[in-house]
Structure formats: structure tokens, C-alpha cells
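> Questions regarding the structure given below will be posed in turn.
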Amino acid sequence: MDSPPQSLLFSFRRCPYAIRARMALAQACVPVRIHEVALRDKPAELLAASPKATVPVLVTARGDVIEESLDVMRWALAQNDPDGWLDCDAEATRHWTTLNDITFKPLLDRYKYSGRHPEQTPEAHRRAAMVAFVQPLNNQLQQSTWLVGDRVSMADVALFPFVRQFAGVDKTWFDAQAIGAVQGWLQHWLDSSLFHAVMEKTVTQKTDAQSV
Ligand SMILES: N[C@@H](CCC(=O)N[C@@H](CS)C(=O)NCC(=O)O)C(=O)O
């Protein structure tokens, strides 16, 4: 007997957008086949499903294509949201996800790939990211353990993979900063079984020299 159709996620293991999507899918226990792609050699199936060809892209079991990571999170949690990650202030969630995706991500990339942005020193790129995002995040997390409200919501999961990248550029420097609330929050997610589960290497995974 044929097995029922399954959703398919085009993913890249270290991509922060893909990590947030995989965590929401795992939290929702949505069965999904992960297709790990090489960003330098994107498979024809991904390009056919989504010409913009960023990851993650979810092709649902009924054939719908979801091309934005936050939409994948919302779609997954709409099926099953055991801890109420969607049950949070929509305006505050929009504020933080926008600040992350629109403001912080380009600054993070300039810091991470500072060799490609020689117009400023790596420290100047890092300072800009601290001022625009990491410090405000720390201020918020000093007021409440979780980003939006008094329990975990999709905002925490949507943002921490990016802060993980920021911390990873120079871990010694990051650990020495007076941003204890961010450091503790990040460590919580790095230690979580959900994060470990979605970072497991799959047998189908191809290696990609491109750093993300
Ligand atoms: N807005 C998209 C952004 C996704 C994105 O930019 N992903 C990166 C990988 S981290 C990507 O696929 N870049 C295209 C490439 O490297 O060719 C989302 O939230 O899903």
C-alpha cells in the first residue's frame, strides 16, 4: 500500500531561517521529509517549486508551497501548537521578527562576512548590530524571561538562530559582554532537545562549502 503523501521541506542545516522552520515543524510534530540542499547547487525540484529559491521552502502534503520561514512556522503551529507558541501578542511578535529579519540580519551578515564589507571594520559592523538589535533584545529579556509575554512564543524560536550566528563569530568576545539576559536565553535554546533534534545530520545531507 502506498504511504500517504508527506510534506517536504527544502532546508539547509545551518541556515537560521531553516532552523526556525524545522523547530516549529518539530514542535508541531508535523511529519516532514527534509531535503538538505547545497546552496551553490540548488536542486531542480526546489527551483520548480519556488523560483526565488531561498530556503526554507515547504511543499505541503496537499501541494501548497510556503516560501517564507515565518509562514512555515505559522503553518506548522496552526496544525498543532502544544505549548501555545502562537498564542502571543501579534504586534510585539511582528516588531521583533521585523527588527530581526530586516534590521539585524544585514548587520549580522556584514559582521560575519566583514571581509566582503571593508568599508568598515568588523568591530564597527558588530557595534552597529549591538546597538540596533542585541542591546534592545537584552533590555527586553531583562524585563521578561521570554521575548513576548511570560512564556515561550514563536518569537523566541524565530530569533535565537540569528543570535546564535552572531555569538558564533567571536564567542570569546560575545561571552565577555554585559548582555547576560541574551546569553542566558540563547543558552536555553542551544541546550534544548528541540534544537538538538533539528540539527541532527540526516543521511541525505550534502556538504556545502558555503558558510551560512
Ligand atoms: N525571507 C526568507 C529568507 C530565507 C533566506 O534568505 N535563506 C537563505 C539561506 S540562510 C537563502 O536561501 N539564500 C539564498 C542563497 O544563498 O542562494 C525566509 O524567511 O525564508
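Ordering of the C-alpha cells sets the chain letters (A, B, ...); residue numbers start at 1 within each chain; ligands are numbered from 1 in the order shown.
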Under the rule of at most 10 Å, produce a per-residue listing of chain A near ligand 1: chain, number, name, the closest pair of atoms, and the distance in Å, as a tab-separated table, using only C-alpha atoms and all ligand atoms.

```
residue	atom	partner	partner_atom_place_in_ligand_line	distance
A:Phe10	CA	ligand 1	12 (O)	9.6
A:Ser11	CA	ligand 1	12 (O)	8.4
A:Phe12	CA	ligand 1	9 (C)	7.0
A:Arg13	CA	ligand 1	10 (S)	9.1
A:Arg14	CA	ligand 1	10 (S)	7.4
A:Cys15	CA	ligand 1	10 (S)	4.0
A:Pro16	CA	ligand 1	10 (S)	5.8
A:Tyr17	CA	ligand 1	19 (O)	5.4
A:Ala18	CA	ligand 1	10 (S)	6.9
A:Ile19	CA	ligand 1	10 (S)	9.1
A:Arg20	CA	ligand 1	19 (O)	9.1
A:Ala21	CA	ligand 1	20 (O)	8.4
A:Val37	CA	ligand 1	12 (O)	9.5
A:Ala38	CA	ligand 1	17 (O)	9.0
A:Leu39	CA	ligand 1	17 (O)	5.3
A:Arg40	CA	ligand 1	17 (O)	6.7
A:Asp41	CA	ligand 1	17 (O)	8.9
A:Lys42	CA	ligand 1	17 (O)	8.0
A:Lys52	CA	ligand 1	14 (C)	8.2
A:Ala53	CA	ligand 1	12 (O)	6.3
A:Thr54	CA	ligand 1	12 (O)	3.1
A:Val55	CA	ligand 1	12 (O)	4.0
A:Pro56	CA	ligand 1	20 (O)	5.3
A:Val57	CA	ligand 1	20 (O)	7.1
A:Leu58	CA	ligand 1	20 (O)	9.8
A:Ile66	CA	ligand 1	20 (O)	8.9
A:Glu67	CA	ligand 1	20 (O)	6.0
A:Glu68	CA	ligand 1	20 (O)	3.7
A:Ser69	CA	ligand 1	20 (O)	3.8
A:Leu70	CA	ligand 1	19 (O)	5.9
A:Asp71	CA	ligand 1	19 (O)	8.0
A:Val72	CA	ligand 1	20 (O)	8.3
A:Met73	CA	ligand 1	19 (O)	9.9
A:Thr97	CA	ligand 1	19 (O)	9.9
A:Asp101	CA	ligand 1	1 (N)	7.5
A:Ile102	CA	ligand 1	1 (N)	9.2
A:Lys105	CA	ligand 1	6 (O)	9.6
A:Ala158	CA	ligand 1	19 (O)	9.5
A:Phe162	CA	ligand 1	10 (S)	9.7
A:Gln210	CA	ligand 1	16 (O)	8.4
A:Ser211	CA	ligand 1	10 (S)	9.2
A:Val212	CA	ligand 1	10 (S)	5.8
```
> Selected residues, N, CA and C atoms, written as a short mmCIF file (atom, residue, chain, number, x, y, z; two decimals), in the first residue's frame, please.

```cif
data_model
loop_
_atom_site.label_atom_id
_atom_site.label_comp_id
_atom_site.auth_asym_id
_atom_site.auth_seq_id
_atom_site.Cartn_x
_atom_site.Cartn_y
_atom_site.Cartn_z
N PHE A 10 12.54 21.90 1.86
CA PHE A 10 13.88 22.17 1.34
C PHE A 10 14.58 23.02 2.41
N SER A 11 15.72 22.54 2.82
CA SER A 11 16.33 23.14 4.01
C SER A 11 17.84 23.20 3.82
N PHE A 12 18.46 23.99 4.66
CA PHE A 12 19.92 23.99 4.77
C PHE A 12 20.22 24.00 6.26
N ARG A 13 21.00 23.03 6.68
CA ARG A 13 21.09 22.74 8.11
C ARG A 13 21.42 23.97 8.97
N ARG A 14 22.41 24.74 8.58
CA ARG A 14 22.86 25.84 9.44
C ARG A 14 22.12 27.15 9.20
N CYS A 15 21.27 27.19 8.20
CA CYS A 15 20.55 28.44 7.87
C CYS A 15 19.59 28.80 9.02
N PRO A 16 19.70 30.01 9.55
CA PRO A 16 18.84 30.37 10.69
C PRO A 16 17.35 30.40 10.34
N TYR A 17 17.04 30.74 9.10
CA TYR A 17 15.63 30.72 8.69
C TYR A 17 15.12 29.27 8.67
N ALA A 18 15.98 28.37 8.18
CA ALA A 18 15.58 26.97 8.11
C ALA A 18 15.50 26.35 9.50
N ILE A 19 16.38 26.78 10.40
CA ILE A 19 16.34 26.24 11.77
C ILE A 19 15.01 26.61 12.43
N ARG A 20 14.58 27.86 12.25
CA ARG A 20 13.31 28.26 12.90
C ARG A 20 12.14 27.45 12.33
N ALA A 21 12.19 27.22 11.02
CA ALA A 21 11.11 26.45 10.39
C ALA A 21 11.12 25.00 10.88
N VAL A 37 19.65 20.92 0.96
CA VAL A 37 20.14 21.36 -0.34
C VAL A 37 21.53 21.98 -0.21
N ALA A 38 22.26 21.93 -1.30
CA ALA A 38 23.52 22.67 -1.39
C ALA A 38 23.16 24.02 -2.00
N LEU A 39 23.45 25.10 -1.29
CA LEU A 39 23.01 26.41 -1.78
C LEU A 39 23.69 26.80 -3.09
N ARG A 40 24.86 26.24 -3.33
CA ARG A 40 25.57 26.55 -4.59
C ARG A 40 25.08 25.70 -5.75
N ASP A 41 24.26 24.72 -5.45
CA ASP A 41 23.82 23.79 -6.49
C ASP A 41 22.39 23.37 -6.14
N LYS A 42 21.48 24.34 -6.29
CA LYS A 42 20.11 24.09 -5.83
C LYS A 42 19.41 23.08 -6.73
N LYS A 52 12.18 31.75 -6.46
CA LYS A 52 13.09 32.64 -5.71
C LYS A 52 14.17 31.83 -4.99
N ALA A 53 13.88 30.56 -4.75
CA ALA A 53 14.91 29.59 -4.35
C ALA A 53 15.72 29.97 -3.12
N THR A 54 15.05 30.51 -2.14
CA THR A 54 15.72 30.60 -0.84
C THR A 54 15.21 29.43 -0.01
N VAL A 55 15.96 29.08 1.01
CA VAL A 55 15.48 28.06 1.94
C VAL A 55 15.17 28.74 3.27
N PRO A 56 14.17 28.22 3.97
CA PRO A 56 13.41 27.01 3.71
C PRO A 56 12.26 27.26 2.74
N VAL A 57 11.86 26.17 2.07
CA VAL A 57 10.61 26.14 1.31
C VAL A 57 9.89 24.87 1.70
N LEU A 58 8.63 25.02 2.04
CA LEU A 58 7.84 23.85 2.40
C LEU A 58 6.83 23.57 1.29
N ILE A 66 5.04 26.98 0.57
CA ILE A 66 5.21 28.06 1.55
C ILE A 66 6.68 28.47 1.51
N GLU A 67 6.91 29.72 1.13
CA GLU A 67 8.26 30.15 0.77
C GLU A 67 8.95 31.03 1.81
N GLU A 68 8.25 31.36 2.88
CA GLU A 68 8.84 32.23 3.90
C GLU A 68 8.88 31.47 5.22
N SER A 69 10.01 31.58 5.90
CA SER A 69 10.21 30.78 7.12
C SER A 69 9.17 31.09 8.20
N LEU A 70 8.81 32.36 8.35
CA LEU A 70 7.81 32.68 9.38
C LEU A 70 6.46 32.08 9.03
N ASP A 71 6.17 32.02 7.72
CA ASP A 71 4.90 31.40 7.29
C ASP A 71 4.93 29.89 7.52
N VAL A 72 6.10 29.29 7.35
CA VAL A 72 6.22 27.85 7.64
C VAL A 72 5.96 27.63 9.13
N MET A 73 6.52 28.49 9.97
CA MET A 73 6.29 28.36 11.42
C MET A 73 4.80 28.45 11.72
N THR A 97 10.24 40.19 15.06
CA THR A 97 10.65 39.45 13.86
C THR A 97 11.09 40.42 12.75
N ASP A 101 14.68 40.32 11.14
CA ASP A 101 14.86 39.94 9.73
C ASP A 101 15.27 41.12 8.86
N ILE A 102 14.77 42.30 9.18
CA ILE A 102 15.02 43.46 8.31
C ILE A 102 16.22 44.29 8.78
N LYS A 105 19.56 41.20 10.50
CA LYS A 105 20.19 40.21 9.59
C LYS A 105 21.24 40.85 8.67
N ALA A 158 11.97 32.11 16.56
CA ALA A 158 12.28 32.76 15.28
C ALA A 158 13.59 33.55 15.35
N PHE A 162 19.52 33.41 14.81
CA PHE A 162 20.31 34.53 14.29
C PHE A 162 21.28 35.01 15.37
N GLN A 210 29.79 26.47 1.29
CA GLN A 210 29.31 27.83 1.58
C GLN A 210 28.91 27.94 3.05
N SER A 211 29.41 28.93 3.70
CA SER A 211 29.09 29.13 5.10
C SER A 211 27.83 29.96 5.23
N VAL A 212 26.93 29.52 6.07
CA VAL A 212 25.70 30.30 6.29
C VAL A 212 25.58 30.56 7.77
#
```
> Which residues come within 6 Å of Ala61 (chain A), counting only C-alpha atoms, excluding same-chain residues fewer than 2 positions away, as a PyMOL selection string?
chain A and resi 5-7+63
> Fewer than 3 positions away in the same chain doesn't count, so skip those; otherwise give me all residues within 9 Å of Leu190 (chain A), counting only C-alpha atoms, as a list in words.
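Listing them by chain and then by number gives Phe160, Pro161, Arg164, Trp185, Leu186, Gln187, Ser193, Phe195 and His196 of chain A.
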> Which polymer residues have any atom within 12 Å of an atom of Ser144 (chain A), counting only C-alpha atoms, with same-chain residues fewer than 6 positions away left out, as a PyMOL selection string?
chain A and resi 137-138+150-152+156+181-182+185
> Could you turn the residues from that selection into a file that holds C-alpha atoms, as a PDB file, in the first residue's frame?

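Written output follows (part.pdb):
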```pdb
ATOM      1  CA  LEU A 137      16.915  42.395  22.902  1.00  0.00           C
ATOM      2  CA  ASN A 138      18.856  42.277  26.159  1.00  0.00           C
ATOM      3  CA  ASP A 150       5.616  35.408  30.121  1.00  0.00           C
ATOM      4  CA  ARG A 151       6.081  32.183  28.177  1.00  0.00           C
ATOM      5  CA  VAL A 152       7.828  30.905  25.127  1.00  0.00           C
ATOM      6  CA  ASP A 156      11.861  33.348  20.745  1.00  0.00           C
ATOM      7  CA  ALA A 181      19.840  38.123  29.600  1.00  0.00           C
ATOM      8  CA  VAL A 182      20.603  37.415  25.943  1.00  0.00           C
ATOM      9  CA  TRP A 185      18.222  33.000  26.698  1.00  0.00           C
TER      10      TRP A 185
END
```
> Fewer than 4 positions away in the same chain doesn't count, so skip those; otherwise give me all residues within 12 Å of region 113-119 of chain A, counting only C-alpha atoms, as a count of residues only.
15
> Taking only C-alpha atoms into account, which of A:Ser192, A:Gly149, A:Lys171, A:Gln183 comes nearest Glu91 (chain A)?
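Selected residue with least distance to Glu91 (chain A): A:Gly149.
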> Which parts of region 31-115 of chain A does DSSP call strand (DSSP E) when run on the backbone here, written out as a VMD selection string?
chain A and resid 32 to 36 57 to 59 65 to 66
> Using DSSP secondary structure from the backbone, list all alpha helix (DSSP H) positions within region 133-167 of chain A, as a ChimeraX atom specification.
/A:135-143,154-167
> Output the selection as an mmCIF file, in the first residue's frame - N, CA and C atoms for each residue.

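Here's the written file selection.cif:
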```cif
data_model
loop_
_atom_site.group_PDB
_atom_site.id
_atom_site.type_symbol
_atom_site.label_atom_id
_atom_site.label_comp_id
_atom_site.auth_asym_id
_atom_site.auth_seq_id
_atom_site.Cartn_x
_atom_site.Cartn_y
_atom_site.Cartn_z
ATOM 1 N N GLN A 135 21.386 44.901 22.023
ATOM 2 C CA GLN A 135 21.118 45.631 23.267
ATOM 3 C C GLN A 135 19.619 45.749 23.538
ATOM 4 N N PRO A 136 18.809 46.166 22.545
ATOM 5 C CA PRO A 136 17.364 46.183 22.779
ATOM 6 C C PRO A 136 16.810 44.808 23.161
ATOM 7 N N LEU A 137 17.353 43.755 22.541
ATOM 8 C CA LEU A 137 16.915 42.395 22.902
ATOM 9 C C LEU A 137 17.250 42.101 24.358
ATOM 10 N N ASN A 138 18.458 42.504 24.764
ATOM 11 C CA ASN A 138 18.856 42.277 26.159
ATOM 12 C C ASN A 138 17.946 43.050 27.116
ATOM 13 N N ASN A 139 17.633 44.289 26.745
ATOM 14 C CA ASN A 139 16.737 45.092 27.599
ATOM 15 C C ASN A 139 15.391 44.398 27.759
ATOM 16 N N GLN A 140 14.864 43.874 26.652
ATOM 17 C CA GLN A 140 13.568 43.198 26.708
ATOM 18 C C GLN A 140 13.646 41.949 27.573
ATOM 19 N N LEU A 141 14.715 41.172 27.395
ATOM 20 C CA LEU A 141 14.830 39.902 28.120
ATOM 21 C C LEU A 141 15.192 40.111 29.589
ATOM 22 N N GLN A 142 15.601 41.315 29.931
ATOM 23 C CA GLN A 142 15.779 41.637 31.357
ATOM 24 C C GLN A 142 14.420 41.857 32.013
ATOM 25 N N GLN A 143 13.468 42.315 31.194
ATOM 26 C CA GLN A 143 12.129 42.588 31.732
ATOM 27 C C GLN A 143 11.256 41.345 31.777
ATOM 28 N N MET A 154 6.530 31.929 19.449
ATOM 29 C CA MET A 154 7.268 31.720 18.199
ATOM 30 C C MET A 154 8.371 32.769 18.009
ATOM 31 N N ALA A 155 8.226 33.930 18.650
ATOM 32 C CA ALA A 155 9.241 34.978 18.504
ATOM 33 C C ALA A 155 10.598 34.516 19.046
ATOM 34 N N ASP A 156 10.589 33.831 20.184
ATOM 35 C CA ASP A 156 11.861 33.348 20.745
ATOM 36 C C ASP A 156 12.551 32.412 19.756
ATOM 37 N N VAL A 157 11.765 31.508 19.216
ATOM 38 C CA VAL A 157 12.317 30.484 18.325
ATOM 39 C C VAL A 157 12.721 31.094 16.979
ATOM 40 N N ALA A 158 11.970 32.111 16.558
ATOM 41 C CA ALA A 158 12.281 32.763 15.280
ATOM 42 C C ALA A 158 13.592 33.545 15.348
ATOM 43 N N LEU A 159 13.922 34.073 16.516
ATOM 44 C CA LEU A 159 15.088 34.960 16.611
ATOM 45 C C LEU A 159 16.379 34.273 17.034
ATOM 46 N N PHE A 160 16.271 33.267 17.922
ATOM 47 C CA PHE A 160 17.532 32.798 18.522
ATOM 48 C C PHE A 160 18.528 32.227 17.511
ATOM 49 N N PRO A 161 18.098 31.608 16.376
ATOM 50 C CA PRO A 161 19.126 31.096 15.456
ATOM 51 C C PRO A 161 20.025 32.201 14.878
ATOM 52 N N PHE A 162 19.515 33.406 14.809
ATOM 53 C CA PHE A 162 20.306 34.527 14.293
ATOM 54 C C PHE A 162 21.281 35.009 15.369
ATOM 55 N N VAL A 163 20.812 35.025 16.614
ATOM 56 C CA VAL A 163 21.699 35.423 17.708
ATOM 57 C C VAL A 163 22.798 34.368 17.892
ATOM 58 N N ARG A 164 22.442 33.118 17.633
ATOM 59 C CA ARG A 164 23.450 32.039 17.653
ATOM 60 C C ARG A 164 24.570 32.346 16.658
ATOM 61 N N GLN A 165 24.201 32.787 15.474
ATOM 62 C CA GLN A 165 25.227 33.121 14.481
ATOM 63 C C GLN A 165 26.078 34.296 14.941
ATOM 64 N N PHE A 166 25.404 35.303 15.496
ATOM 65 C CA PHE A 166 26.126 36.484 15.974
ATOM 66 C C PHE A 166 27.138 36.071 17.046
ATOM 67 N N ALA A 167 26.683 35.253 17.990
ATOM 68 C CA ALA A 167 27.565 34.808 19.078
ATOM 69 C C ALA A 167 28.734 34.001 18.521
#
```
> Just how far from CA of Lys112 (chain A) is CA of Ala132 (chain A), in Å to one decimal?
15.9 Å
> Ranking A:Thr93, A:Ser50, A:Gln120, A:Thr98 by minimum distance to Leu147 (chain A) and counting only C-alpha atoms, which one comes first?
A:Thr93
